[in-house]
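Student: One file is attached below, input-v8.cif, containing mmCIF, C-alpha atoms and all ligand atoms.
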data_upload
loop_
_atom_site.group_PDB
_atom_site.id
_atom_site.type_symbol
_atom_site.label_atom_id
_atom_site.label_comp_id
_atom_site.auth_asym_id
_atom_site.auth_seq_id
_atom_site.Cartn_x
_atom_site.Cartn_y
_atom_site.Cartn_z
ATOM 1 C CA MET A 119 0.000 0.000 0.000
ATOM 2 C CA PRO A 120 1.465 3.401 -0.910
ATOM 3 C CA ASP A 121 2.845 5.941 1.495
ATOM 4 C CA THR A 122 0.329 8.374 2.848
ATOM 5 C CA PRO A 123 1.646 11.939 2.998
ATOM 6 C CA GLN A 124 1.188 12.023 6.778
ATOM 7 C CA ASN A 125 2.884 8.678 7.270
ATOM 8 C CA PRO A 126 5.907 8.238 5.033
ATOM 9 C CA THR A 127 8.335 5.367 5.301
ATOM 10 C CA ARG A 128 11.831 6.139 6.463
ATOM 11 C CA GLU A 129 15.119 4.307 6.054
ATOM 12 C CA ASP A 130 17.364 3.400 8.920
ATOM 13 C CA ARG A 131 20.725 5.088 8.575
ATOM 14 C CA TYR A 132 22.412 1.947 7.286
ATOM 15 C CA GLY A 133 19.848 1.545 4.523
ATOM 16 C CA PHE A 134 18.849 -2.004 5.471
ATOM 17 C CA SER A 135 15.282 -1.415 6.549
ATOM 18 C CA GLU A 136 12.339 0.849 5.883
ATOM 19 C CA TRP A 137 10.141 1.718 8.786
ATOM 20 C CA ARG A 138 6.919 3.544 9.537
ATOM 21 C CA MET A 139 4.578 4.054 12.423
ATOM 22 C CA LEU A 140 1.324 2.122 12.685
ATOM 23 C CA PRO A 141 -1.664 1.964 12.744
ATOM 24 C CA GLU A 142 -2.215 2.967 9.165
ATOM 25 C CA PRO A 143 -5.672 3.331 7.586
ATOM 26 C CA GLY A 144 -6.232 0.509 5.117
ATOM 27 C CA TRP A 145 -3.679 -1.855 6.618
ATOM 28 C CA ASP A 146 -6.409 -3.836 8.411
ATOM 29 C CA GLN A 147 -6.934 -5.527 5.038
ATOM 30 C CA TYR A 148 -3.620 -7.294 5.444
ATOM 31 C CA TRP A 149 -5.226 -9.155 8.311
ATOM 32 C CA ASP A 150 -8.941 -9.237 7.541
ATOM 33 C CA ARG A 151 -8.665 -10.105 3.844
ATOM 34 C CA ILE A 152 -5.858 -12.638 4.095
ATOM 35 C CA TYR A 153 -7.583 -15.957 4.632
ATOM 36 C CA VAL A 154 -5.782 -18.609 6.654
ATOM 37 C CA PRO A 155 -7.181 -20.940 9.317
ATOM 38 C CA ASP A 156 -8.393 -19.020 12.400
ATOM 39 C CA GLU A 157 -6.001 -21.027 14.531
ATOM 40 C CA THR A 158 -2.999 -19.705 12.606
ATOM 41 C CA LYS A 159 -4.089 -16.127 13.133
ATOM 42 C CA ARG A 160 -4.852 -16.756 16.792
ATOM 43 C CA ARG A 161 -1.417 -18.256 17.465
ATOM 44 C CA MET A 162 0.385 -15.500 15.551
ATOM 45 C CA TYR A 163 -1.539 -12.857 17.453
ATOM 46 C CA ASN A 164 -0.983 -14.476 20.843
ATOM 47 C CA TYR A 165 2.692 -14.993 20.129
ATOM 48 C CA ALA A 166 3.320 -11.377 19.126
ATOM 49 C CA ARG A 167 1.255 -9.965 21.954
ATOM 50 C CA PHE A 168 3.003 -12.105 24.538
ATOM 51 C CA THR A 169 6.438 -11.423 23.137
ATOM 52 C CA LEU A 170 5.985 -7.677 22.985
ATOM 53 C CA SER A 171 4.329 -7.202 26.327
ATOM 54 C CA ARG A 172 5.331 -10.009 28.691
ATOM 55 C CA ARG A 173 8.777 -11.127 27.601
ATOM 56 C CA LYS A 174 10.560 -8.445 29.623
ATOM 57 C CA ALA A 175 9.254 -10.053 32.789
ATOM 58 C CA PHE A 176 11.070 -13.341 32.185
ATOM 59 C CA SER A 177 14.743 -14.236 32.375
ATOM 60 C CA LEU A 178 16.325 -15.453 29.151
ATOM 61 C CA VAL A 179 17.454 -18.535 31.047
ATOM 62 C CA GLY A 180 14.058 -19.302 32.501
ATOM 63 C CA LEU A 181 12.193 -18.728 29.266
ATOM 64 C CA PRO A 182 14.566 -18.447 26.300
ATOM 65 C CA VAL A 183 12.314 -16.384 24.051
ATOM 66 C CA HIS A 184 14.344 -14.723 21.309
ATOM 67 C CA GLY A 185 11.471 -12.712 19.895
ATOM 68 C CA ILE A 186 11.802 -14.303 16.471
ATOM 69 C CA ALA A 187 9.307 -16.430 14.576
ATOM 70 C CA LEU A 188 9.334 -17.977 11.118
ATOM 71 C CA LEU A 189 6.504 -18.100 8.616
ATOM 72 C CA ARG A 190 7.169 -20.791 6.089
ATOM 73 C CA GLY A 191 5.111 -21.608 3.054
ATOM 74 C CA LYS A 192 4.869 -21.541 -0.703
ATOM 75 C CA PRO A 193 5.057 -18.247 -2.631
ATOM 76 C CA GLY A 194 1.915 -16.143 -2.565
ATOM 77 C CA THR A 195 0.277 -17.724 0.473
ATOM 78 C CA GLY A 196 0.030 -14.462 2.420
ATOM 79 C CA LYS A 197 3.081 -14.601 4.701
ATOM 80 C CA SER A 198 4.333 -11.036 4.260
ATOM 81 C CA SER A 199 0.807 -9.646 4.252
ATOM 82 C CA LEU A 200 -0.088 -11.376 7.514
ATOM 83 C CA VAL A 201 2.895 -9.852 9.293
ATOM 84 C CA LYS A 202 1.888 -6.364 8.169
ATOM 85 C CA GLY A 203 -1.711 -7.027 9.149
ATOM 86 C CA LEU A 204 -0.734 -8.378 12.539
ATOM 87 C CA ALA A 205 1.508 -5.376 13.224
ATOM 88 C CA ASN A 206 -1.323 -3.053 12.309
ATOM 89 C CA LYS A 207 -3.820 -4.926 14.470
ATOM 90 C CA LEU A 208 -1.510 -4.790 17.478
ATOM 91 C CA ALA A 209 -0.923 -1.087 16.828
ATOM 92 C CA ALA A 210 -4.645 -0.394 16.663
ATOM 93 C CA GLU A 211 -5.126 -2.132 20.010
ATOM 94 C CA LEU A 212 -2.497 -0.137 21.868
ATOM 95 C CA ASP A 213 -4.074 2.011 24.544
ATOM 96 C CA GLU A 214 -1.775 4.863 23.733
ATOM 97 C CA GLY A 215 1.064 5.529 21.332
ATOM 98 C CA GLU A 216 2.077 3.860 18.139
ATOM 99 C CA LEU A 217 3.909 0.790 16.982
ATOM 100 C CA LEU A 218 6.994 0.881 14.790
ATOM 101 C CA PHE A 219 6.951 -1.488 11.837
ATOM 102 C CA ALA A 220 10.188 -2.163 9.961
ATOM 103 C CA GLU A 221 10.676 -4.124 6.788
ATOM 104 C CA VAL A 222 14.174 -5.477 6.234
ATOM 105 C CA ASN A 223 15.525 -5.737 2.736
ATOM 106 C CA ALA A 224 17.306 -9.062 3.180
ATOM 107 C CA HIS A 225 18.704 -8.917 -0.332
ATOM 108 C CA ALA A 226 20.734 -5.832 0.529
ATOM 109 C CA LEU A 227 22.854 -7.782 3.010
ATOM 110 C CA PRO A 228 24.739 -10.490 1.144
ATOM 111 C CA SER A 229 27.633 -9.036 -0.807
ATOM 112 C CA GLN A 230 30.250 -10.321 -3.208
ATOM 113 C CA MET A 231 32.828 -8.218 -1.408
ATOM 114 C CA LEU A 232 34.714 -10.332 1.073
ATOM 115 C CA GLY A 233 33.674 -9.512 4.626
ATOM 116 C CA ASP A 234 30.873 -7.157 3.591
ATOM 117 C CA SER A 235 28.028 -9.610 4.209
ATOM 118 C CA GLN A 236 29.212 -10.103 7.749
ATOM 119 C CA ARG A 237 29.577 -6.363 8.311
ATOM 120 C CA ASN A 238 26.122 -5.704 6.873
ATOM 121 C CA THR A 239 24.548 -8.338 9.109
ATOM 122 C CA VAL A 240 26.210 -6.866 12.185
ATOM 123 C CA ASN A 241 25.081 -3.373 11.181
ATOM 124 C CA LEU A 242 21.506 -4.559 10.755
ATOM 125 C CA LEU A 243 21.139 -6.698 13.861
ATOM 126 C CA GLU A 244 23.451 -4.938 16.289
ATOM 127 C CA ARG A 245 23.004 -1.333 15.200
ATOM 128 C CA ALA A 246 20.072 -0.526 12.889
ATOM 129 C CA LEU A 247 17.406 -2.641 14.619
ATOM 130 C CA PRO A 248 18.509 -1.828 18.200
ATOM 131 C CA GLU A 249 18.400 1.867 17.252
ATOM 132 C CA LEU A 250 14.805 1.452 16.116
ATOM 133 C CA ALA A 251 13.977 -0.343 19.360
ATOM 134 C CA GLU A 252 15.514 2.528 21.341
ATOM 135 C CA LYS A 253 12.836 4.856 20.036
ATOM 136 C CA GLY A 254 10.749 3.276 22.768
ATOM 137 C CA HIS A 255 7.773 1.921 20.808
ATOM 138 C CA PRO A 256 6.818 -1.708 20.431
ATOM 139 C CA VAL A 257 8.538 -2.849 17.223
ATOM 140 C CA VAL A 258 7.486 -5.477 14.688
ATOM 141 C CA VAL A 259 10.124 -6.416 12.121
ATOM 142 C CA LEU A 260 9.486 -8.308 8.897
ATOM 143 C CA ILE A 261 12.506 -10.046 7.371
ATOM 144 C CA ASP A 262 11.407 -11.511 4.058
ATOM 145 C CA GLU A 263 13.434 -14.347 2.546
ATOM 146 C CA VAL A 264 15.532 -14.830 5.621
ATOM 147 C CA ASP A 265 17.364 -17.712 3.938
ATOM 148 C CA SER A 266 19.542 -15.102 2.255
ATOM 149 C CA ILE A 267 20.792 -13.875 5.650
ATOM 150 C CA ALA A 268 20.954 -16.999 7.789
ATOM 151 C CA THR A 269 22.202 -19.304 5.053
ATOM 152 C CA ASP A 270 22.919 -22.866 6.040
ATOM 153 C CA ARG A 271 26.698 -22.990 6.374
ATOM 154 C CA ASP A 272 26.783 -26.511 4.960
ATOM 155 C CA ARG A 273 24.850 -25.526 1.852
ATOM 156 C CA ALA A 274 26.537 -22.318 0.723
ATOM 157 C CA SER A 275 25.829 -22.214 -2.983
ATOM 158 C CA ALA A 276 28.429 -22.441 -5.713
ATOM 159 C CA GLY A 277 30.058 -19.114 -6.472
ATOM 160 C CA THR A 278 29.924 -17.877 -2.895
ATOM 161 C CA ASP A 279 32.913 -18.123 -0.617
ATOM 162 C CA PRO A 280 31.930 -20.685 2.058
ATOM 163 C CA VAL A 281 34.066 -18.994 4.682
ATOM 164 C CA ASP A 282 32.359 -15.677 3.980
ATOM 165 C CA VAL A 283 28.894 -17.265 4.164
ATOM 166 C CA ALA A 284 29.810 -18.962 7.436
ATOM 167 C CA ARG A 285 31.030 -15.677 8.920
ATOM 168 C CA ALA A 286 27.882 -13.843 7.840
ATOM 169 C CA THR A 287 25.659 -16.574 9.287
ATOM 170 C CA GLU A 288 27.613 -16.580 12.530
ATOM 171 C CA ALA A 289 27.191 -12.810 12.665
ATOM 172 C CA ALA A 290 23.443 -13.300 12.215
ATOM 173 C CA LEU A 291 23.282 -15.784 15.079
ATOM 174 C CA GLN A 292 25.292 -13.553 17.367
ATOM 175 C CA GLY A 293 23.218 -10.557 16.290
ATOM 176 C CA LEU A 294 19.992 -12.342 17.166
ATOM 177 C CA ASP A 295 21.308 -13.205 20.615
ATOM 178 C CA HIS A 296 22.273 -9.578 21.028
ATOM 179 C CA LEU A 297 18.825 -8.384 19.945
ATOM 180 C CA ALA A 298 17.013 -10.833 22.201
ATOM 181 C CA ALA A 299 18.691 -9.244 25.189
ATOM 182 C CA ALA A 300 18.871 -5.634 23.969
ATOM 183 C CA ALA A 301 15.406 -5.239 22.447
ATOM 184 C CA PRO A 302 12.692 -6.953 24.479
ATOM 185 C CA ASN A 303 10.167 -4.565 22.891
ATOM 186 C CA MET A 304 10.817 -6.070 19.442
ATOM 187 C CA VAL A 305 9.394 -9.099 17.694
ATOM 188 C CA ILE A 306 10.809 -10.338 14.393
ATOM 189 C CA PHE A 307 8.833 -12.305 11.839
ATOM 190 C CA ALA A 308 11.058 -13.931 9.245
ATOM 191 C CA THR A 309 9.558 -15.509 6.139
ATOM 192 C CA SER A 310 10.902 -18.136 3.810
ATOM 193 C CA ASN A 311 9.686 -20.331 1.022
ATOM 194 C CA PHE A 312 12.983 -22.180 1.058
ATOM 195 C CA PRO A 313 13.513 -23.137 4.715
ATOM 196 C CA GLN A 314 15.863 -25.985 3.775
ATOM 197 C CA ALA A 315 18.465 -23.292 3.053
ATOM 198 C CA ILE A 316 18.322 -21.837 6.577
ATOM 199 C CA ASP A 317 21.085 -22.611 9.039
ATOM 200 C CA PRO A 318 20.051 -25.114 11.767
ATOM 201 C CA ALA A 319 21.443 -22.874 14.514
ATOM 202 C CA PHE A 320 19.120 -20.113 13.305
ATOM 203 C CA LEU A 321 16.172 -22.524 13.251
ATOM 204 C CA SER A 322 16.921 -23.566 16.804
ATOM 205 C CA ARG A 323 16.697 -19.939 17.965
ATOM 206 C CA LEU A 324 13.179 -19.556 16.598
ATOM 207 C CA ASP A 325 10.486 -19.283 19.229
ATOM 208 C CA ILE A 326 7.863 -20.689 16.905
ATOM 209 C CA THR A 327 7.234 -21.630 13.272
ATOM 210 C CA PHE A 328 3.965 -20.960 11.503
ATOM 211 C CA GLU A 329 3.236 -23.143 8.496
ATOM 212 C CA ILE A 330 1.271 -21.155 5.963
ATOM 213 C CA GLU A 331 -0.350 -23.736 3.726
ATOM 214 C CA LEU A 332 -1.857 -23.365 0.294
ATOM 215 C CA PRO A 333 -5.563 -22.616 0.734
ATOM 216 C CA ASP A 334 -7.928 -25.558 1.157
ATOM 217 C CA VAL A 335 -11.324 -25.528 -0.567
ATOM 218 C CA GLY A 336 -13.057 -23.455 2.101
ATOM 219 C CA THR A 337 -10.241 -20.916 2.232
ATOM 220 C CA ALA A 338 -9.927 -20.702 -1.553
ATOM 221 C CA THR A 339 -13.663 -20.044 -1.685
ATOM 222 C CA ASP A 340 -13.295 -17.135 0.718
ATOM 223 C CA ILE A 341 -10.409 -15.714 -1.306
ATOM 224 C CA LEU A 342 -12.147 -16.030 -4.668
ATOM 225 C CA GLN A 343 -15.375 -14.571 -3.289
ATOM 226 C CA ASP A 344 -13.450 -11.670 -1.784
ATOM 227 C CA ALA A 345 -11.677 -10.975 -5.092
ATOM 228 C CA LEU A 346 -14.971 -11.171 -7.007
ATOM 229 C CA ASP A 347 -16.618 -8.817 -4.516
ATOM 230 C CA GLU A 348 -13.814 -6.362 -5.144
ATOM 231 C CA VAL A 349 -14.548 -6.131 -8.862
ATOM 232 C CA GLY A 350 -18.230 -7.154 -8.977
ATOM 233 C CA SER A 351 -19.352 -10.365 -10.686
ATOM 234 C CA ASP A 352 -22.376 -12.376 -11.763
ATOM 235 C CA LEU A 353 -21.232 -15.600 -10.085
ATOM 236 C CA ASP A 354 -23.521 -17.236 -7.516
ATOM 237 C CA ASP A 355 -22.284 -19.590 -4.771
ATOM 238 C CA ASP A 356 -22.485 -22.684 -6.987
ATOM 239 C CA ALA A 357 -20.492 -20.998 -9.723
ATOM 240 C CA VAL A 358 -17.858 -19.953 -7.197
ATOM 241 C CA ALA A 359 -17.685 -23.544 -5.899
ATOM 242 C CA ARG A 360 -17.179 -24.887 -9.431
ATOM 243 C CA ALA A 361 -14.394 -22.417 -10.077
ATOM 244 C CA VAL A 362 -12.670 -23.235 -6.791
ATOM 245 C CA GLU A 363 -12.720 -26.916 -7.655
ATOM 246 C CA ALA A 364 -10.691 -26.144 -10.777
ATOM 247 C CA LEU A 365 -8.164 -24.135 -8.785
ATOM 248 C CA ALA A 366 -6.684 -26.877 -6.595
ATOM 249 C CA GLY A 367 -3.071 -26.073 -5.747
ATOM 250 C CA ALA A 368 -3.452 -22.355 -6.419
ATOM 251 C CA SER A 369 -2.093 -19.895 -3.855
ATOM 252 C CA GLY A 370 -4.065 -16.918 -2.596
ATOM 253 C CA ARG A 371 -2.057 -14.729 -4.931
ATOM 254 C CA ASP A 372 -2.863 -17.049 -7.872
ATOM 255 C CA VAL A 373 -6.579 -16.920 -7.091
ATOM 256 C CA ARG A 374 -6.683 -13.133 -6.966
ATOM 257 C CA LYS A 375 -4.509 -12.789 -10.054
ATOM 258 C CA LEU A 376 -6.840 -15.086 -11.910
ATOM 259 C CA VAL A 377 -9.699 -12.650 -11.391
ATOM 260 C CA PHE A 378 -7.486 -9.886 -12.697
ATOM 261 C CA GLU A 379 -6.435 -12.040 -15.636
ATOM 262 C CA ALA A 380 -10.122 -12.600 -16.466
ATOM 263 C CA LEU A 381 -10.754 -8.855 -16.412
ATOM 264 C CA VAL A 382 -7.933 -7.952 -18.750
ATOM 265 C CA SER A 383 -8.695 -10.824 -21.131
ATOM 266 C CA ARG A 384 -12.339 -9.902 -21.674
ATOM 267 C CA ASP A 385 -13.741 -8.611 -24.910
ATOM 268 C CA SER A 386 -12.777 -4.961 -25.397
ATOM 269 C CA SER A 387 -16.347 -4.005 -26.294
ATOM 270 C CA ILE A 388 -17.430 -4.693 -22.697
ATOM 271 C CA PRO A 389 -17.497 -1.547 -20.537
ATOM 272 C CA VAL A 390 -14.450 -1.452 -18.315
ATOM 273 C CA ASP A 391 -16.564 -1.291 -15.145
ATOM 274 C CA ALA A 392 -18.964 -4.117 -16.086
ATOM 275 C CA ALA A 393 -19.271 -6.972 -13.565
ATOM 276 C CA LEU A 394 -17.164 -10.020 -14.322
ATOM 277 C CA GLN A 395 -19.100 -12.870 -15.920
ATOM 278 C CA GLU A 396 -18.722 -16.532 -15.117
ATOM 279 C CA LYS A 397 -17.682 -17.392 -18.653
ATOM 280 C CA GLU A 398 -14.929 -14.784 -18.519
ATOM 281 C CA LEU A 399 -13.588 -16.304 -15.327
ATOM 282 C CA TRP A 400 -13.636 -19.735 -16.951
ATOM 283 C CA ALA A 401 -11.663 -18.484 -19.922
ATOM 284 C CA ALA A 402 -8.942 -17.421 -17.465
ATOM 285 C CA ILE A 403 -9.172 -20.719 -15.552
ATOM 286 C CA ASP A 404 -8.794 -22.676 -18.797
ATOM 287 C CA ALA A 405 -5.840 -20.546 -19.856
ATOM 288 C CA ARG A 406 -4.227 -21.202 -16.469
ATOM 289 C CA ALA A 407 -4.913 -24.919 -16.801
ATOM 290 C CA GLN A 408 -3.016 -24.942 -20.093
ATOM 291 C CA LEU A 409 -0.004 -23.652 -18.188
ATOM 292 C CA THR A 410 -0.275 -25.830 -15.075
ATOM 293 C CA GLY A 411 -1.737 -28.972 -16.584
ATOM 294 C CA GLY A 412 -4.874 -28.813 -14.384
ATOM 295 C CA GLY A 413 -8.394 -27.570 -15.104
ATOM 296 C CA ARG A 414 -11.729 -29.076 -16.115
HETATM 297 N N1 LIG B 1 -4.212 -16.474 2.169
HETATM 298 C C1 LIG B 1 -4.540 -15.454 1.362
HETATM 299 N N2 LIG B 1 -5.775 -14.920 1.399
HETATM 300 C C2 LIG B 1 -6.110 -13.912 0.582
HETATM 301 N N3 LIG B 1 -5.282 -13.348 -0.300
HETATM 302 C C3 LIG B 1 -4.036 -13.818 -0.378
HETATM 303 C C4 LIG B 1 -3.607 -14.896 0.457
HETATM 304 N N4 LIG B 1 -2.328 -15.153 0.171
HETATM 305 C C5 LIG B 1 -1.958 -14.277 -0.767
HETATM 306 N N5 LIG B 1 -2.976 -13.468 -1.106
HETATM 307 C C6 LIG B 1 -2.920 -12.395 -2.105
HETATM 308 O O1 LIG B 1 -1.607 -12.385 -2.647
HETATM 309 C C7 LIG B 1 -0.934 -11.171 -2.324
HETATM 310 C C8 LIG B 1 0.498 -11.460 -2.018
HETATM 311 O O2 LIG B 1 0.620 -12.148 -0.790
HETATM 312 P P1 LIG B 1 1.978 -12.112 0.056
HETATM 313 O O3 LIG B 1 2.968 -11.242 -0.614
HETATM 314 O O4 LIG B 1 1.628 -11.794 1.455
HETATM 315 O O5 LIG B 1 2.450 -13.624 -0.054
HETATM 316 P P2 LIG B 1 3.818 -14.280 0.445
HETATM 317 O O6 LIG B 1 3.453 -15.578 1.076
HETATM 318 O O7 LIG B 1 4.577 -13.309 1.258
HETATM 319 O O8 LIG B 1 4.546 -14.562 -0.939
HETATM 320 P P3 LIG B 1 6.124 -14.723 -1.231
HETATM 321 O O9 LIG B 1 6.559 -15.997 -0.568
HETATM 322 O O10 LIG B 1 6.168 -14.812 -2.720
HETATM 323 O O11 LIG B 1 6.800 -13.509 -0.681
HETATM 324 C C9 LIG B 1 -1.731 -10.570 -1.183
HETATM 325 O O12 LIG B 1 -1.642 -9.166 -1.172
HETATM 326 C C10 LIG B 1 -3.141 -11.023 -1.517
HETATM 327 O O13 LIG B 1 -3.704 -10.206 -2.536
HETATM 328 MG MG MG B 2 6.479 -12.450 0.988
#
Using structure tokens, write down the structure that the file contains.
Tutor:
Amino acid sequence: MPDTPQNPTREDRYGFSEWRMLPEPGWDQYWDRIYVPDETKRRMYNYARFTLSRRKAFSLVGLPVHGIALLRGKPGTGKSSLVKGLANKLAAELDEGELLFAEVNAHALPSQMLGDSQRNTVNLLERALPELAEKGHPVVVLIDEVDSIATDRDRASAGTDPVDVARATEAALQGLDHLAAAAPNMVIFATSNFPQAIDPAFLSRLDITFEIELPDVGTATDILQDALDEVGSDLDDDAVARAVEALAGASGRDVRKLVFEALVSRDSSIPVDAALQEKELWAAIDARAQLTGGGR
């Protein structure tokens, strides 16, 4: 969602994250219109609320909560959106004040220059993020594609210097330990659709992992209906159910993009604001099936 003039995003001074204050009008959609099982949302919410408000009261020995969780799942299943939505929901529930939400650009950290990846990781975890935490607000951090920061030291890919990868990963582990102690008002949500590439020592520091599955039939129905409501359509419940049946294996992003695909593929003589027709949706479903090998 774009910046609003009153609420711009800002960069930390190392350039590794963009942050803004929440709540933000419109961001409730990232929670309310992302459909995952209620239990997933409940656990995410409880985890973040506990971590932000109660963690300070416990010793790190008694309850080793690092303030970091992982969302794992296929592309387009709503992971990044849910973190934004959760941050906004928590912000809206604060009695007073605001919540700081920071998005880390994980791709800015690894570097071809020897030693730079390690330095960048230290700057992010031991300087940039603690400085955000020092502003005194509750902080929610989203680190997308964390596998590029906490790369499994045994699986460093060809072309990268394994010693450099190992040093950067070790810096990430040390940085997380530092943050856990220095920033009890911060909770980090990392996402990955390639968790096999994450270092085991990083995985063992996670407080909790949320599996974000591809939508089941009920969830896909909610997503398709929501997307159709957005644009207006002539489909009744039975028509929606038939379409969902043909969309097995599609992510939430796929389902919504399909509706868009149907709109842009329609006959140009149809007014641009006319409701989407069932046959237009089916044309898009059939075109998708040609690509994925599924369909009617
Ligand atoms: N579970 C869902 N319910 C409703 N819409 C969804 C869902 N998942 C994805 N979408 C749609 O897809 C868009 C992209 O989702 P998002 O970027 O959060 O997915 P992601 O899991 O982070 O993907 P990636 O792994 O590729 O980063 C959302 O803005 C929304 O329009
Ligand atoms: Mg994402």
Student: What residues have any atom no more than 10 Å from ligand LIG 1 (chain B) when counting only C-alpha atoms and all ligand atoms, and can you list them as a PyMOL selection string?
Tutor: chain A and resi 119+147-155+189-203+262-263+309-312+330-334+337-342+344-345+368-375
Student: With C-alpha atoms retained, write the just-selected residues as a PDB file, keeping the file's coordinate frame.
Tutor:
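After the write, selection.pdb holds the following:
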ATOM      1  CA  MET A 119       0.000   0.000   0.000  1.00  0.00           C
ATOM      2  CA  GLN A 147      -6.934  -5.527   5.038  1.00  0.00           C
ATOM      3  CA  TYR A 148      -3.620  -7.294   5.444  1.00  0.00           C
ATOM      4  CA  TRP A 149      -5.226  -9.155   8.311  1.00  0.00           C
ATOM      5  CA  ASP A 150      -8.941  -9.237   7.541  1.00  0.00           C
ATOM      6  CA  ARG A 151      -8.665 -10.105   3.844  1.00  0.00           C
ATOM      7  CA  ILE A 152      -5.858 -12.638   4.095  1.00  0.00           C
ATOM      8  CA  TYR A 153      -7.583 -15.957   4.632  1.00  0.00           C
ATOM      9  CA  VAL A 154      -5.782 -18.609   6.654  1.00  0.00           C
ATOM     10  CA  PRO A 155      -7.181 -20.940   9.317  1.00  0.00           C
ATOM     11  CA  LEU A 189       6.504 -18.100   8.616  1.00  0.00           C
ATOM     12  CA  ARG A 190       7.169 -20.791   6.089  1.00  0.00           C
ATOM     13  CA  GLY A 191       5.111 -21.608   3.054  1.00  0.00           C
ATOM     14  CA  LYS A 192       4.869 -21.541  -0.703  1.00  0.00           C
ATOM     15  CA  PRO A 193       5.057 -18.247  -2.631  1.00  0.00           C
ATOM     16  CA  GLY A 194       1.915 -16.143  -2.565  1.00  0.00           C
ATOM     17  CA  THR A 195       0.277 -17.724   0.473  1.00  0.00           C
ATOM     18  CA  GLY A 196       0.030 -14.462   2.420  1.00  0.00           C
ATOM     19  CA  LYS A 197       3.081 -14.601   4.701  1.00  0.00           C
ATOM     20  CA  SER A 198       4.333 -11.036   4.260  1.00  0.00           C
ATOM     21  CA  SER A 199       0.807  -9.646   4.252  1.00  0.00           C
ATOM     22  CA  LEU A 200      -0.088 -11.376   7.514  1.00  0.00           C
ATOM     23  CA  VAL A 201       2.895  -9.852   9.293  1.00  0.00           C
ATOM     24  CA  LYS A 202       1.888  -6.364   8.169  1.00  0.00           C
ATOM     25  CA  GLY A 203      -1.711  -7.027   9.149  1.00  0.00           C
ATOM     26  CA  ASP A 262      11.407 -11.511   4.058  1.00  0.00           C
ATOM     27  CA  GLU A 263      13.434 -14.347   2.546  1.00  0.00           C
ATOM     28  CA  THR A 309       9.558 -15.509   6.139  1.00  0.00           C
ATOM     29  CA  SER A 310      10.902 -18.136   3.810  1.00  0.00           C
ATOM     30  CA  ASN A 311       9.686 -20.331   1.022  1.00  0.00           C
ATOM     31  CA  PHE A 312      12.983 -22.180   1.058  1.00  0.00           C
ATOM     32  CA  ILE A 330       1.271 -21.155   5.963  1.00  0.00           C
ATOM     33  CA  GLU A 331      -0.350 -23.736   3.726  1.00  0.00           C
ATOM     34  CA  LEU A 332      -1.857 -23.365   0.294  1.00  0.00           C
ATOM     35  CA  PRO A 333      -5.563 -22.616   0.734  1.00  0.00           C
ATOM     36  CA  ASP A 334      -7.928 -25.558   1.157  1.00  0.00           C
ATOM     37  CA  THR A 337     -10.241 -20.916   2.232  1.00  0.00           C
ATOM     38  CA  ALA A 338      -9.927 -20.702  -1.553  1.00  0.00           C
ATOM     39  CA  THR A 339     -13.663 -20.044  -1.685  1.00  0.00           C
ATOM     40  CA  ASP A 340     -13.295 -17.135   0.718  1.00  0.00           C
ATOM     41  CA  ILE A 341     -10.409 -15.714  -1.306  1.00  0.00           C
ATOM     42  CA  LEU A 342     -12.147 -16.030  -4.668  1.00  0.00           C
ATOM     43  CA  ASP A 344     -13.450 -11.670  -1.784  1.00  0.00           C
ATOM     44  CA  ALA A 345     -11.677 -10.975  -5.092  1.00  0.00           C
ATOM     45  CA  ALA A 368      -3.452 -22.355  -6.419  1.00  0.00           C
ATOM     46  CA  SER A 369      -2.093 -19.895  -3.855  1.00  0.00           C
ATOM     47  CA  GLY A 370      -4.065 -16.918  -2.596  1.00  0.00           C
ATOM     48  CA  ARG A 371      -2.057 -14.729  -4.931  1.00  0.00           C
ATOM     49  CA  ASP A 372      -2.863 -17.049  -7.872  1.00  0.00           C
ATOM     50  CA  VAL A 373      -6.579 -16.920  -7.091  1.00  0.00           C
ATOM     51  CA  ARG A 374      -6.683 -13.133  -6.966  1.00  0.00           C
ATOM     52  CA  LYS A 375      -4.509 -12.789 -10.054  1.00  0.00           C
TER      53      LYS A 375
END
Student: Nearest to Lys207 of chain A among A:Pro280, A:Gly180, A:Gly293, A:Gly144, with distances taken over all atoms listed in the file: which residue is it?
Tutor: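 Of the candidates, the smallest distance to Lys207 of chain A is held by A:Gly144.
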Student: Under the rule that all atoms listed in the file are counted, which of A:Ala315, A:Val382, A:Arg360, A:Ser322 is the nearest residue to Val335 of chain A?
Tutor: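 When distances to Val335 of chain A are compared using all atoms listed in the file, the smallest one comes from A:Arg360.
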Student: Give the answer as one residue: which of A:Gln292, A:Thr122, A:Thr169, A:Gln236 has the shortest atom-to-atom distance to Val183 of chain A, using all atoms listed in the file?
Tutor: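 Using all atoms listed in the file, Val183 of chain A sits closest to A:Thr169.
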Student: Translate the PyMOL selection byres (((chain A and resi 187) around 10) and not hetatm), as applied to the file shown, into an explicit residue set as a PyMOL selection string.
Tutor: chain A and resi 162+165-166+183-186+188-190+260+305-309+321+323-328
Student: Please, which residues are within 10 Å of (30.0, -17.1, 5.0) by the file's coordinates, counting all atoms listed in the file, and could they come as a list in words?
Tutor: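 The requested residues, written out, are Pro228, Leu232, Gly233, Ser235, Gln236, Ile267, Ala268, Thr269, Asp270, Arg271, Asp272, Ala274, Thr278, Asp279, Pro280, Val281, Asp282, Val283, Ala284, Arg285, Ala286, Thr287, Glu288 and Ala289 of chain A.
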Student: Can you work out the spacing between atom CA of Glu396 of chain A and atom CA of Asp352 of chain A in Å, to one decimal?
Tutor: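 Between these atoms lies a distance of 6.5 Å.
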